[in-house]
Amino acid sequence: MEQHLVTLLTELVAINSINRTLSAGPGEREIAEFIARRLNDLQLDAAMHDVGPDQRNVAAIIAGKDRRRSLLLNAHLDTVGVDGMDQPFSLKRQGDRLYGRGTYDMKGSIAIMLLLADYFTRQVPPLDILLTFVSDEEDKSTGMEYLVEHWLPRVSPAPVGGIFLEPTEEDIGVCHRGFTWCELTVTGRAAHGSRPEEGIDAILPLRAALNAMRDIQAELQGRDPDPLLGCASIHSSIIRGGSELSMIPSRSCLQWERRTLPGESPRDLGRELERILQAVNQHPGGHTAAGSAFFVRPPYRVPDDAEILRRIQKATPQSRRVGLPFWADSALAGAMGIPSVLFGPSGRGAHAINEWVSLGSLIRVYEVIKNLIQSF
């Protein structure tokens, strides 16, 4: 088992699957083809979905004894970039640690799923297992969007639950934050720097926006925190403006991120956006301003009475319930009515130079999920 896992992870790490849109990588085509071949060798009908240029999903179903129930397993195929890493696509073992890009986030989990596929094609599971490997999780989650919009609605029966094998240190992720990206643009009037009276500065009004964001952040920090997720937050991310040192700037743009908690509504965030916009419009100077939310990913919390939560707690009673600060594809499954938890291996260095995963932890996660499936 141990050697089989190391060999498989070595092959997975050797494939460059850096996200195409986030980090200018080659995308997930090659790793999707590798996984599809492995599943086809197990006599599974692995479907590849074209999600975008060089972006692929892979999905397959292991038929169970009870075809009226199914369980969703999910991992993402893409990784972030490798700047500063030494031989990122060569697996290195140091004791229990397996180093390489994606070992922790999350090719170790892909290896677990492939080993589970090998096991349950030889030992028929109690229910259908939906094996899903998606692209673009590190950027816009277009792979998971495709899955919930085009593939999962055609699966019958609908999954009773989902397990997303994100690295959780063998804890059970029961909730995570969402995020909303917002943008504000200010329009002024260009003029030569020697004639400021002829221009309208489009950058100075951003002071009002930043002050309003500072006040909102203070208010968010003053609220009662979520027991597992803490407080919501807002931060400025990108500011653009101006064209030449000797020109009064005619345009500026501020983009920010609002990290959200379960229970917060789009209306709450809309009021905050309007508050920031009003602050800018009230700033003197003759400019105009417009704002919008241009990308939204919802927070998620699995219901306390979900069957998948009860079963995974029974399969790994020593694991804690935890909240996760990052967003995950599980929110999209949850939004379509699939109660989902996050559960994966221990390690360190996600998105960092020294990324590693614990071999012993990979084996334990494999055993927990195998036992959970058999519990049905």
# chains A, B, ... in the order shown; residues from 1 in each chain; ligands from 1
>>> select_by_dssp(residues="stretch 32-275 of chain A", states="strand (DSSP E)", output="PDB file with N, CA and C atoms, in the first residue's frame")
ATOM      1  N   ALA A  47     -15.344   9.799 -18.033  1.00  0.00           N
ATOM      2  CA  ALA A  47     -15.703  10.866 -18.971  1.00  0.00           C
ATOM      3  C   ALA A  47     -14.810  12.075 -18.732  1.00  0.00           C
ATOM      4  N   MET A  48     -14.286  12.631 -19.822  1.00  0.00           N
ATOM      5  CA  MET A  48     -13.536  13.883 -19.738  1.00  0.00           C
ATOM      6  C   MET A  48     -14.411  15.003 -20.272  1.00  0.00           C
ATOM      7  N   HIS A  49     -14.446  16.106 -19.539  1.00  0.00           N
ATOM      8  CA  HIS A  49     -15.256  17.257 -19.923  1.00  0.00           C
ATOM      9  C   HIS A  49     -14.338  18.413 -20.301  1.00  0.00           C
ATOM     10  N   ASP A  50     -14.575  19.015 -21.441  1.00  0.00           N
ATOM     11  CA  ASP A  50     -13.858  20.213 -21.838  1.00  0.00           C
ATOM     12  C   ASP A  50     -14.477  21.407 -21.118  1.00  0.00           C
ATOM     13  N   VAL A  51     -13.739  21.973 -20.210  1.00  0.00           N
ATOM     14  CA  VAL A  51     -14.232  23.099 -19.427  1.00  0.00           C
ATOM     15  C   VAL A  51     -13.776  24.420 -20.025  1.00  0.00           C
ATOM     16  N   GLY A  52     -12.593  24.419 -20.602  1.00  0.00           N
ATOM     17  CA  GLY A  52     -12.015  25.602 -21.225  1.00  0.00           C
ATOM     18  C   GLY A  52     -10.765  25.186 -21.957  1.00  0.00           C
ATOM     19  N   GLN A  55      -8.331  22.965 -20.170  1.00  0.00           N
ATOM     20  CA  GLN A  55      -8.919  22.707 -18.853  1.00  0.00           C
ATOM     21  C   GLN A  55      -9.880  21.526 -18.989  1.00  0.00           C
ATOM     22  N   ARG A  56      -9.656  20.487 -18.186  1.00  0.00           N
ATOM     23  CA  ARG A  56     -10.453  19.275 -18.281  1.00  0.00           C
ATOM     24  C   ARG A  56     -10.908  18.820 -16.900  1.00  0.00           C
ATOM     25  N   ASN A  57     -12.122  18.280 -16.848  1.00  0.00           N
ATOM     26  CA  ASN A  57     -12.602  17.513 -15.699  1.00  0.00           C
ATOM     27  C   ASN A  57     -12.573  16.041 -16.057  1.00  0.00           C
ATOM     28  N   VAL A  58     -12.550  15.200 -15.040  1.00  0.00           N
ATOM     29  CA  VAL A  58     -12.734  13.764 -15.221  1.00  0.00           C
ATOM     30  C   VAL A  58     -13.786  13.314 -14.210  1.00  0.00           C
ATOM     31  N   ALA A  59     -14.718  12.473 -14.661  1.00  0.00           N
ATOM     32  CA  ALA A  59     -15.748  11.954 -13.772  1.00  0.00           C
ATOM     33  C   ALA A  59     -16.040  10.502 -14.129  1.00  0.00           C
ATOM     34  N   ALA A  60     -16.270   9.696 -13.113  1.00  0.00           N
ATOM     35  CA  ALA A  60     -16.599   8.286 -13.318  1.00  0.00           C
ATOM     36  C   ALA A  60     -17.469   7.815 -12.166  1.00  0.00           C
ATOM     37  N   ILE A  61     -18.232   6.770 -12.409  1.00  0.00           N
ATOM     38  CA  ILE A  61     -19.119   6.207 -11.393  1.00  0.00           C
ATOM     39  C   ILE A  61     -18.752   4.744 -11.163  1.00  0.00           C
ATOM     40  N   ILE A  62     -18.502   4.411  -9.900  1.00  0.00           N
ATOM     41  CA  ILE A  62     -18.336   3.008  -9.519  1.00  0.00           C
ATOM     42  C   ILE A  62     -19.700   2.513  -9.055  1.00  0.00           C
ATOM     43  N   ASP A  66     -26.406  -0.967  -4.048  1.00  0.00           N
ATOM     44  CA  ASP A  66     -27.650  -0.212  -4.017  1.00  0.00           C
ATOM     45  C   ASP A  66     -27.516   0.960  -4.973  1.00  0.00           C
ATOM     46  N   ARG A  67     -28.115   0.839  -6.154  1.00  0.00           N
ATOM     47  CA  ARG A  67     -27.986   1.892  -7.158  1.00  0.00           C
ATOM     48  C   ARG A  67     -28.893   3.080  -6.852  1.00  0.00           C
ATOM     49  N   ARG A  68     -29.627   3.022  -5.748  1.00  0.00           N
ATOM     50  CA  ARG A  68     -30.526   4.121  -5.389  1.00  0.00           C
ATOM     51  C   ARG A  68     -29.833   5.183  -4.535  1.00  0.00           C
ATOM     52  N   ARG A  69     -28.567   4.953  -4.176  1.00  0.00           N
ATOM     53  CA  ARG A  69     -27.840   5.912  -3.350  1.00  0.00           C
ATOM     54  C   ARG A  69     -26.444   6.111  -3.939  1.00  0.00           C
ATOM     55  N   SER A  70     -25.907   7.316  -3.751  1.00  0.00           N
ATOM     56  CA  SER A  70     -24.555   7.584  -4.239  1.00  0.00           C
ATOM     57  C   SER A  70     -23.855   8.557  -3.309  1.00  0.00           C
ATOM     58  N   LEU A  71     -22.516   8.516  -3.372  1.00  0.00           N
ATOM     59  CA  LEU A  71     -21.658   9.382  -2.570  1.00  0.00           C
ATOM     60  C   LEU A  71     -20.677  10.072  -3.501  1.00  0.00           C
ATOM     61  N   LEU A  72     -20.519  11.384  -3.342  1.00  0.00           N
ATOM     62  CA  LEU A  72     -19.618  12.180  -4.162  1.00  0.00           C
ATOM     63  C   LEU A  72     -18.253  12.301  -3.500  1.00  0.00           C
ATOM     64  N   LEU A  73     -17.185  11.969  -4.244  1.00  0.00           N
ATOM     65  CA  LEU A  73     -15.811  12.258  -3.831  1.00  0.00           C
ATOM     66  C   LEU A  73     -15.225  13.261  -4.814  1.00  0.00           C
ATOM     67  N   ASN A  74     -14.458  14.219  -4.298  1.00  0.00           N
ATOM     68  CA  ASN A  74     -13.980  15.288  -5.179  1.00  0.00           C
ATOM     69  C   ASN A  74     -12.562  15.715  -4.821  1.00  0.00           C
ATOM     70  N   ALA A  75     -11.770  15.975  -5.866  1.00  0.00           N
ATOM     71  CA  ALA A  75     -10.442  16.586  -5.727  1.00  0.00           C
ATOM     72  C   ALA A  75     -10.220  17.488  -6.930  1.00  0.00           C
ATOM     73  N   HIS A  76      -9.381  18.499  -6.776  1.00  0.00           N
ATOM     74  CA  HIS A  76      -9.085  19.365  -7.928  1.00  0.00           C
ATOM     75  C   HIS A  76      -7.721  19.000  -8.512  1.00  0.00           C
ATOM     76  N   LYS A  92      10.199  14.066  -3.732  1.00  0.00           N
ATOM     77  CA  LYS A  92      11.328  13.795  -2.847  1.00  0.00           C
ATOM     78  C   LYS A  92      10.772  13.292  -1.519  1.00  0.00           C
ATOM     79  N   ARG A  93      11.349  12.228  -1.016  1.00  0.00           N
ATOM     80  CA  ARG A  93      10.891  11.682   0.254  1.00  0.00           C
ATOM     81  C   ARG A  93      11.938  11.901   1.323  1.00  0.00           C
ATOM     82  N   GLN A  94      11.505  12.451   2.443  1.00  0.00           N
ATOM     83  CA  GLN A  94      12.356  12.594   3.626  1.00  0.00           C
ATOM     84  C   GLN A  94      11.572  12.048   4.811  1.00  0.00           C
ATOM     85  N   ARG A  97       7.694  12.586   5.081  1.00  0.00           N
ATOM     86  CA  ARG A  97       7.298  13.727   4.265  1.00  0.00           C
ATOM     87  C   ARG A  97       7.578  13.479   2.787  1.00  0.00           C
ATOM     88  N   LEU A  98       6.577  13.792   1.953  1.00  0.00           N
ATOM     89  CA  LEU A  98       6.701  13.699   0.499  1.00  0.00           C
ATOM     90  C   LEU A  98       6.622  15.109  -0.057  1.00  0.00           C
ATOM     91  N   TYR A  99       7.745  15.580  -0.651  1.00  0.00           N
ATOM     92  CA  TYR A  99       7.848  16.952  -1.128  1.00  0.00           C
ATOM     93  C   TYR A  99       7.582  17.030  -2.626  1.00  0.00           C
ATOM     94  N   LEU A 127     -22.947   1.447  -2.185  1.00  0.00           N
ATOM     95  CA  LEU A 127     -23.687   2.432  -2.963  1.00  0.00           C
ATOM     96  C   LEU A 127     -22.792   2.943  -4.075  1.00  0.00           C
ATOM     97  N   ASP A 128     -23.355   3.682  -5.019  1.00  0.00           N
ATOM     98  CA  ASP A 128     -22.551   4.241  -6.106  1.00  0.00           C
ATOM     99  C   ASP A 128     -21.544   5.253  -5.546  1.00  0.00           C
ATOM    100  N   ILE A 129     -20.339   5.237  -6.104  1.00  0.00           N
ATOM    101  CA  ILE A 129     -19.325   6.234  -5.762  1.00  0.00           C
ATOM    102  C   ILE A 129     -19.088   7.104  -6.989  1.00  0.00           C
ATOM    103  N   LEU A 130     -19.268   8.401  -6.818  1.00  0.00           N
ATOM    104  CA  LEU A 130     -19.028   9.361  -7.891  1.00  0.00           C
ATOM    105  C   LEU A 130     -17.626   9.939  -7.719  1.00  0.00           C
ATOM    106  N   LEU A 131     -16.732   9.575  -8.614  1.00  0.00           N
ATOM    107  CA  LEU A 131     -15.357  10.077  -8.571  1.00  0.00           C
ATOM    108  C   LEU A 131     -15.276  11.305  -9.474  1.00  0.00           C
ATOM    109  N   THR A 132     -14.965  12.447  -8.902  1.00  0.00           N
ATOM    110  CA  THR A 132     -14.927  13.679  -9.691  1.00  0.00           C
ATOM    111  C   THR A 132     -13.606  14.402  -9.459  1.00  0.00           C
ATOM    112  N   PHE A 133     -12.954  14.749 -10.545  1.00  0.00           N
ATOM    113  CA  PHE A 133     -11.678  15.450 -10.535  1.00  0.00           C
ATOM    114  C   PHE A 133     -11.873  16.713 -11.377  1.00  0.00           C
ATOM    115  N   VAL A 134     -11.744  17.883 -10.759  1.00  0.00           N
ATOM    116  CA  VAL A 134     -12.140  19.113 -11.438  1.00  0.00           C
ATOM    117  C   VAL A 134     -10.954  20.047 -11.652  1.00  0.00           C
ATOM    118  N   GLY A 161     -24.373  12.753  -0.057  1.00  0.00           N
ATOM    119  CA  GLY A 161     -23.381  13.603   0.581  1.00  0.00           C
ATOM    120  C   GLY A 161     -22.129  13.679  -0.272  1.00  0.00           C
ATOM    121  N   GLY A 162     -21.246  14.581   0.105  1.00  0.00           N
ATOM    122  CA  GLY A 162     -19.993  14.743  -0.616  1.00  0.00           C
ATOM    123  C   GLY A 162     -18.819  14.849   0.342  1.00  0.00           C
ATOM    124  N   ILE A 163     -17.673  14.325  -0.093  1.00  0.00           N
ATOM    125  CA  ILE A 163     -16.418  14.492   0.642  1.00  0.00           C
ATOM    126  C   ILE A 163     -15.431  15.178  -0.293  1.00  0.00           C
ATOM    127  N   PHE A 164     -14.985  16.362   0.090  1.00  0.00           N
ATOM    128  CA  PHE A 164     -13.990  17.104  -0.673  1.00  0.00           C
ATOM    129  C   PHE A 164     -12.661  16.916   0.051  1.00  0.00           C
ATOM    130  N   ILE A 172     -12.270  17.494  10.349  1.00  0.00           N
ATOM    131  CA  ILE A 172     -13.461  17.500   9.502  1.00  0.00           C
ATOM    132  C   ILE A 172     -13.889  18.943   9.283  1.00  0.00           C
ATOM    133  N   GLY A 173     -13.737  19.414   8.061  1.00  0.00           N
ATOM    134  CA  GLY A 173     -14.155  20.774   7.721  1.00  0.00           C
ATOM    135  C   GLY A 173     -15.669  20.814   7.540  1.00  0.00           C
ATOM    136  N   VAL A 174     -16.344  21.527   8.437  1.00  0.00           N
ATOM    137  CA  VAL A 174     -17.806  21.580   8.378  1.00  0.00           C
ATOM    138  C   VAL A 174     -18.313  22.925   7.865  1.00  0.00           C
ATOM    139  N   CYS A 175     -17.427  23.895   7.724  1.00  0.00           N
ATOM    140  CA  CYS A 175     -17.843  25.195   7.199  1.00  0.00           C
ATOM    141  C   CYS A 175     -16.614  25.926   6.671  1.00  0.00           C
ATOM    142  N   HIS A 176     -16.869  26.876   5.808  1.00  0.00           N
ATOM    143  CA  HIS A 176     -15.779  27.730   5.330  1.00  0.00           C
ATOM    144  C   HIS A 176     -16.327  29.069   4.884  1.00  0.00           C
ATOM    145  N   GLY A 178     -16.861  32.463   2.519  1.00  0.00           N
ATOM    146  CA  GLY A 178     -17.015  32.809   1.115  1.00  0.00           C
ATOM    147  C   GLY A 178     -16.282  34.108   0.835  1.00  0.00           C
ATOM    148  N   PHE A 179     -16.401  34.593  -0.393  1.00  0.00           N
ATOM    149  CA  PHE A 179     -15.803  35.888  -0.697  1.00  0.00           C
ATOM    150  C   PHE A 179     -16.563  36.563  -1.834  1.00  0.00           C
ATOM    151  N   THR A 180     -16.497  37.891  -1.821  1.00  0.00           N
ATOM    152  CA  THR A 180     -17.066  38.712  -2.884  1.00  0.00           C
ATOM    153  C   THR A 180     -16.012  39.711  -3.319  1.00  0.00           C
ATOM    154  N   TRP A 181     -15.803  39.806  -4.630  1.00  0.00           N
ATOM    155  CA  TRP A 181     -14.872  40.791  -5.175  1.00  0.00           C
ATOM    156  C   TRP A 181     -15.664  41.986  -5.701  1.00  0.00           C
ATOM    157  N   CYS A 182     -15.251  43.177  -5.284  1.00  0.00           N
ATOM    158  CA  CYS A 182     -15.940  44.406  -5.665  1.00  0.00           C
ATOM    159  C   CYS A 182     -14.976  45.370  -6.354  1.00  0.00           C
ATOM    160  N   GLU A 183     -15.558  46.280  -7.114  1.00  0.00           N
ATOM    161  CA  GLU A 183     -14.756  47.244  -7.877  1.00  0.00           C
ATOM    162  C   GLU A 183     -15.452  48.593  -7.871  1.00  0.00           C
ATOM    163  N   LEU A 184     -14.661  49.627  -7.742  1.00  0.00           N
ATOM    164  CA  LEU A 184     -15.158  50.995  -7.811  1.00  0.00           C
ATOM    165  C   LEU A 184     -14.288  51.772  -8.789  1.00  0.00           C
ATOM    166  N   THR A 185     -14.915  52.476  -9.715  1.00  0.00           N
ATOM    167  CA  THR A 185     -14.165  53.301 -10.666  1.00  0.00           C
ATOM    168  C   THR A 185     -14.555  54.757 -10.479  1.00  0.00           C
ATOM    169  N   VAL A 186     -13.564  55.624 -10.543  1.00  0.00           N
ATOM    170  CA  VAL A 186     -13.760  57.068 -10.419  1.00  0.00           C
ATOM    171  C   VAL A 186     -13.329  57.715 -11.730  1.00  0.00           C
ATOM    172  N   THR A 187     -14.175  58.580 -12.241  1.00  0.00           N
ATOM    173  CA  THR A 187     -13.873  59.299 -13.484  1.00  0.00           C
ATOM    174  C   THR A 187     -13.721  60.785 -13.186  1.00  0.00           C
ATOM    175  N   ALA A 191      -5.774  66.748 -17.229  1.00  0.00           N
ATOM    176  CA  ALA A 191      -5.222  68.073 -17.494  1.00  0.00           C
ATOM    177  C   ALA A 191      -3.728  68.020 -17.250  1.00  0.00           C
ATOM    178  N   HIS A 192      -3.025  68.991 -17.800  1.00  0.00           N
ATOM    179  CA  HIS A 192      -1.587  69.077 -17.558  1.00  0.00           C
ATOM    180  C   HIS A 192      -1.349  69.420 -16.096  1.00  0.00           C
ATOM    181  N   SER A 233     -14.318  39.841   7.126  1.00  0.00           N
ATOM    182  CA  SER A 233     -13.276  40.850   6.915  1.00  0.00           C
ATOM    183  C   SER A 233     -13.427  41.503   5.549  1.00  0.00           C
ATOM    184  N   ILE A 234     -12.793  42.660   5.432  1.00  0.00           N
ATOM    185  CA  ILE A 234     -12.731  43.380   4.158  1.00  0.00           C
ATOM    186  C   ILE A 234     -11.333  43.951   4.024  1.00  0.00           C
ATOM    187  N   HIS A 235     -10.770  43.904   2.816  1.00  0.00           N
ATOM    188  CA  HIS A 235      -9.451  44.500   2.612  1.00  0.00           C
ATOM    189  C   HIS A 235      -9.326  45.035   1.188  1.00  0.00           C
ATOM    190  N   SER A 236      -8.586  46.109   1.049  1.00  0.00           N
ATOM    191  CA  SER A 236      -8.278  46.633  -0.271  1.00  0.00           C
ATOM    192  C   SER A 236      -7.271  45.715  -0.936  1.00  0.00           C
ATOM    193  N   SER A 237      -7.415  45.544  -2.258  1.00  0.00           N
ATOM    194  CA  SER A 237      -6.572  44.581  -2.973  1.00  0.00           C
ATOM    195  C   SER A 237      -5.735  45.226  -4.067  1.00  0.00           C
ATOM    196  N   ILE A 238      -6.380  45.995  -4.939  1.00  0.00           N
ATOM    197  CA  ILE A 238      -5.687  46.563  -6.100  1.00  0.00           C
ATOM    198  C   ILE A 238      -6.165  47.992  -6.318  1.00  0.00           C
ATOM    199  N   ILE A 239      -5.214  48.881  -6.547  1.00  0.00           N
ATOM    200  CA  ILE A 239      -5.524  50.266  -6.922  1.00  0.00           C
ATOM    201  C   ILE A 239      -4.795  50.577  -8.224  1.00  0.00           C
ATOM    202  N   ARG A 240      -5.540  51.123  -9.167  1.00  0.00           N
ATOM    203  CA  ARG A 240      -4.944  51.562 -10.432  1.00  0.00           C
ATOM    204  C   ARG A 240      -5.388  52.995 -10.693  1.00  0.00           C
ATOM    205  N   GLY A 241      -4.485  53.780 -11.311  1.00  0.00           N
ATOM    206  CA  GLY A 241      -4.883  55.137 -11.652  1.00  0.00           C
ATOM    207  C   GLY A 241      -3.726  55.926 -12.210  1.00  0.00           C
ATOM    208  N   MET A 247       0.476  64.560 -15.404  1.00  0.00           N
ATOM    209  CA  MET A 247      -0.923  64.641 -15.803  1.00  0.00           C
ATOM    210  C   MET A 247      -1.842  64.500 -14.584  1.00  0.00           C
ATOM    211  N   ILE A 248      -2.903  65.290 -14.552  1.00  0.00           N
ATOM    212  CA  ILE A 248      -3.969  65.091 -13.572  1.00  0.00           C
ATOM    213  C   ILE A 248      -4.705  63.811 -13.981  1.00  0.00           C
ATOM    214  N   ARG A 251      -8.832  58.891 -14.376  1.00  0.00           N
ATOM    215  CA  ARG A 251      -9.532  57.657 -14.023  1.00  0.00           C
ATOM    216  C   ARG A 251      -8.749  56.913 -12.937  1.00  0.00           C
ATOM    217  N   SER A 252      -9.463  56.286 -12.046  1.00  0.00           N
ATOM    218  CA  SER A 252      -8.849  55.411 -11.048  1.00  0.00           C
ATOM    219  C   SER A 252      -9.792  54.244 -10.781  1.00  0.00           C
ATOM    220  N   CYS A 253      -9.231  53.184 -10.235  1.00  0.00           N
ATOM    221  CA  CYS A 253     -10.020  51.984  -9.962  1.00  0.00           C
ATOM    222  C   CYS A 253      -9.510  51.353  -8.668  1.00  0.00           C
ATOM    223  N   LEU A 254     -10.419  51.007  -7.803  1.00  0.00           N
ATOM    224  CA  LEU A 254     -10.115  50.306  -6.565  1.00  0.00           C
ATOM    225  C   LEU A 254     -10.869  48.981  -6.557  1.00  0.00           C
ATOM    226  N   GLN A 255     -10.171  47.882  -6.283  1.00  0.00           N
ATOM    227  CA  GLN A 255     -10.805  46.579  -6.138  1.00  0.00           C
ATOM    228  C   GLN A 255     -10.534  46.062  -4.728  1.00  0.00           C
ATOM    229  N   TRP A 256     -11.550  45.437  -4.142  1.00  0.00           N
ATOM    230  CA  TRP A 256     -11.383  44.908  -2.802  1.00  0.00           C
ATOM    231  C   TRP A 256     -12.082  43.567  -2.661  1.00  0.00           C
ATOM    232  N   GLU A 257     -11.703  42.874  -1.585  1.00  0.00           N
ATOM    233  CA  GLU A 257     -12.284  41.577  -1.296  1.00  0.00           C
ATOM    234  C   GLU A 257     -12.978  41.627   0.057  1.00  0.00           C
ATOM    235  N   ARG A 258     -14.178  41.061   0.072  1.00  0.00           N
ATOM    236  CA  ARG A 258     -14.946  40.928   1.319  1.00  0.00           C
ATOM    237  C   ARG A 258     -15.097  39.442   1.619  1.00  0.00           C
ATOM    238  N   ARG A 259     -14.470  38.973   2.689  1.00  0.00           N
ATOM    239  CA  ARG A 259     -14.606  37.582   3.118  1.00  0.00           C
ATOM    240  C   ARG A 259     -15.866  37.445   3.968  1.00  0.00           C
ATOM    241  N   THR A 260     -16.717  36.491   3.602  1.00  0.00           N
ATOM    242  CA  THR A 260     -18.055  36.404   4.169  1.00  0.00           C
ATOM    243  C   THR A 260     -18.226  35.155   5.029  1.00  0.00           C
TER     244      THR A 260
END
>>> residues_around(residues="A:Glu2", least_positions_apart="3", cutoff="9 Å", atoms="only C-alpha atoms", output="PDB file with C-alpha atoms, in the first residue's frame")
ATOM      1  CA  LEU A   5       0.861   5.275  -2.976  1.00  0.00           C
ATOM      2  CA  VAL A   6       4.362   6.756  -3.309  1.00  0.00           C
ATOM      3  CA  THR A   7       4.693   5.484  -6.884  1.00  0.00           C
ATOM      4  CA  LEU A 359       2.647   9.685   3.839  1.00  0.00           C
ATOM      5  CA  GLY A 360       1.201   8.217   7.030  1.00  0.00           C
ATOM      6  CA  ILE A 363      -2.806   6.211   4.335  1.00  0.00           C
TER       7      ILE A 363
END
>>> atom_distance(atom1="atom CA of A:Glu30", atom2="atom CA of A:Ser156")
29.2 Å
>>> atom_distance(atom1="atom CA of A:Asn40", atom2="atom CA of A:Thr121")
11.2 Å
>>> select_by_dssp(residues="stretch 8-229 of chain A", states="alpha helix (DSSP H)", output="MDAnalysis selection string")
chainID A and resid 8:13 20:23 29:41 108:122 142:146 206:222
>>> residues_around(residues="A:Gly81", least_positions_apart="6", cutoff="10 Å", atoms="only C-alpha atoms", output="list in words")
Asn16, Ser17, Ile18, Asn19, Arg20, Leu22, Ser23, Ala24, Gly25, Pro88, Arg101, Gly102, His351, Ala352 and Ile353 of chain A
>>> residues_around(residues="A:Gly193", least_positions_apart="2", cutoff="10 Å", atoms="only C-alpha atoms", output="list in words")
Ala190, Ala191, Arg195, Pro196, Glu197, Glu198, Gly199, Glu244, Leu245, Ser246, Met247, Ile248 and Pro249 of chain A
>>> write_last_selection(atoms="N, CA and C atoms", output="PDB file, in the first residue's frame")
ATOM      1  N   ALA A 190      -8.768  64.779 -17.286  1.00  0.00           N
ATOM      2  CA  ALA A 190      -7.326  64.919 -17.446  1.00  0.00           C
ATOM      3  C   ALA A 190      -6.943  66.372 -17.708  1.00  0.00           C
ATOM      4  N   ALA A 191      -5.774  66.748 -17.229  1.00  0.00           N
ATOM      5  CA  ALA A 191      -5.222  68.073 -17.494  1.00  0.00           C
ATOM      6  C   ALA A 191      -3.728  68.020 -17.250  1.00  0.00           C
ATOM      7  N   ARG A 195      -1.549  72.928 -14.910  1.00  0.00           N
ATOM      8  CA  ARG A 195      -2.837  73.609 -14.919  1.00  0.00           C
ATOM      9  C   ARG A 195      -3.874  72.771 -14.160  1.00  0.00           C
ATOM     10  N   PRO A 196      -3.662  72.556 -12.877  1.00  0.00           N
ATOM     11  CA  PRO A 196      -4.555  71.680 -12.109  1.00  0.00           C
ATOM     12  C   PRO A 196      -5.995  72.177 -12.071  1.00  0.00           C
ATOM     13  N   GLU A 197      -6.196  73.488 -12.221  1.00  0.00           N
ATOM     14  CA  GLU A 197      -7.554  74.029 -12.178  1.00  0.00           C
ATOM     15  C   GLU A 197      -8.397  73.548 -13.359  1.00  0.00           C
ATOM     16  N   GLU A 198      -7.747  73.030 -14.435  1.00  0.00           N
ATOM     17  CA  GLU A 198      -8.490  72.546 -15.596  1.00  0.00           C
ATOM     18  C   GLU A 198      -8.857  71.056 -15.479  1.00  0.00           C
ATOM     19  N   GLY A 199      -8.326  70.391 -14.483  1.00  0.00           N
ATOM     20  CA  GLY A 199      -8.562  68.952 -14.361  1.00  0.00           C
ATOM     21  C   GLY A 199      -9.400  68.595 -13.144  1.00  0.00           C
ATOM     22  N   GLU A 244       0.585  59.542 -16.350  1.00  0.00           N
ATOM     23  CA  GLU A 244       1.891  60.203 -16.426  1.00  0.00           C
ATOM     24  C   GLU A 244       2.079  61.065 -15.177  1.00  0.00           C
ATOM     25  N   LEU A 245       3.328  61.244 -14.808  1.00  0.00           N
ATOM     26  CA  LEU A 245       3.611  62.051 -13.630  1.00  0.00           C
ATOM     27  C   LEU A 245       3.149  63.491 -13.799  1.00  0.00           C
ATOM     28  N   SER A 246       3.128  63.979 -14.996  1.00  0.00           N
ATOM     29  CA  SER A 246       2.761  65.376 -15.209  1.00  0.00           C
ATOM     30  C   SER A 246       1.316  65.555 -15.648  1.00  0.00           C
ATOM     31  N   MET A 247       0.476  64.560 -15.404  1.00  0.00           N
ATOM     32  CA  MET A 247      -0.923  64.641 -15.803  1.00  0.00           C
ATOM     33  C   MET A 247      -1.842  64.500 -14.584  1.00  0.00           C
ATOM     34  N   ILE A 248      -2.903  65.290 -14.552  1.00  0.00           N
ATOM     35  CA  ILE A 248      -3.969  65.091 -13.572  1.00  0.00           C
ATOM     36  C   ILE A 248      -4.705  63.811 -13.981  1.00  0.00           C
ATOM     37  N   PRO A 249      -4.830  62.831 -13.111  1.00  0.00           N
ATOM     38  CA  PRO A 249      -5.418  61.543 -13.522  1.00  0.00           C
ATOM     39  C   PRO A 249      -6.920  61.652 -13.789  1.00  0.00           C
TER      40      PRO A 249
END
>>> atom_distance(atom1="atom CA of A:Gly285", atom2="atom CA of A:Leu204")
8.8 Å
>>> closest_residue(among="A:Pro284, A:Pro262, A:Pro227, A:Pro317", to="A:Leu372", atoms="only C-alpha atoms")
A:Pro317
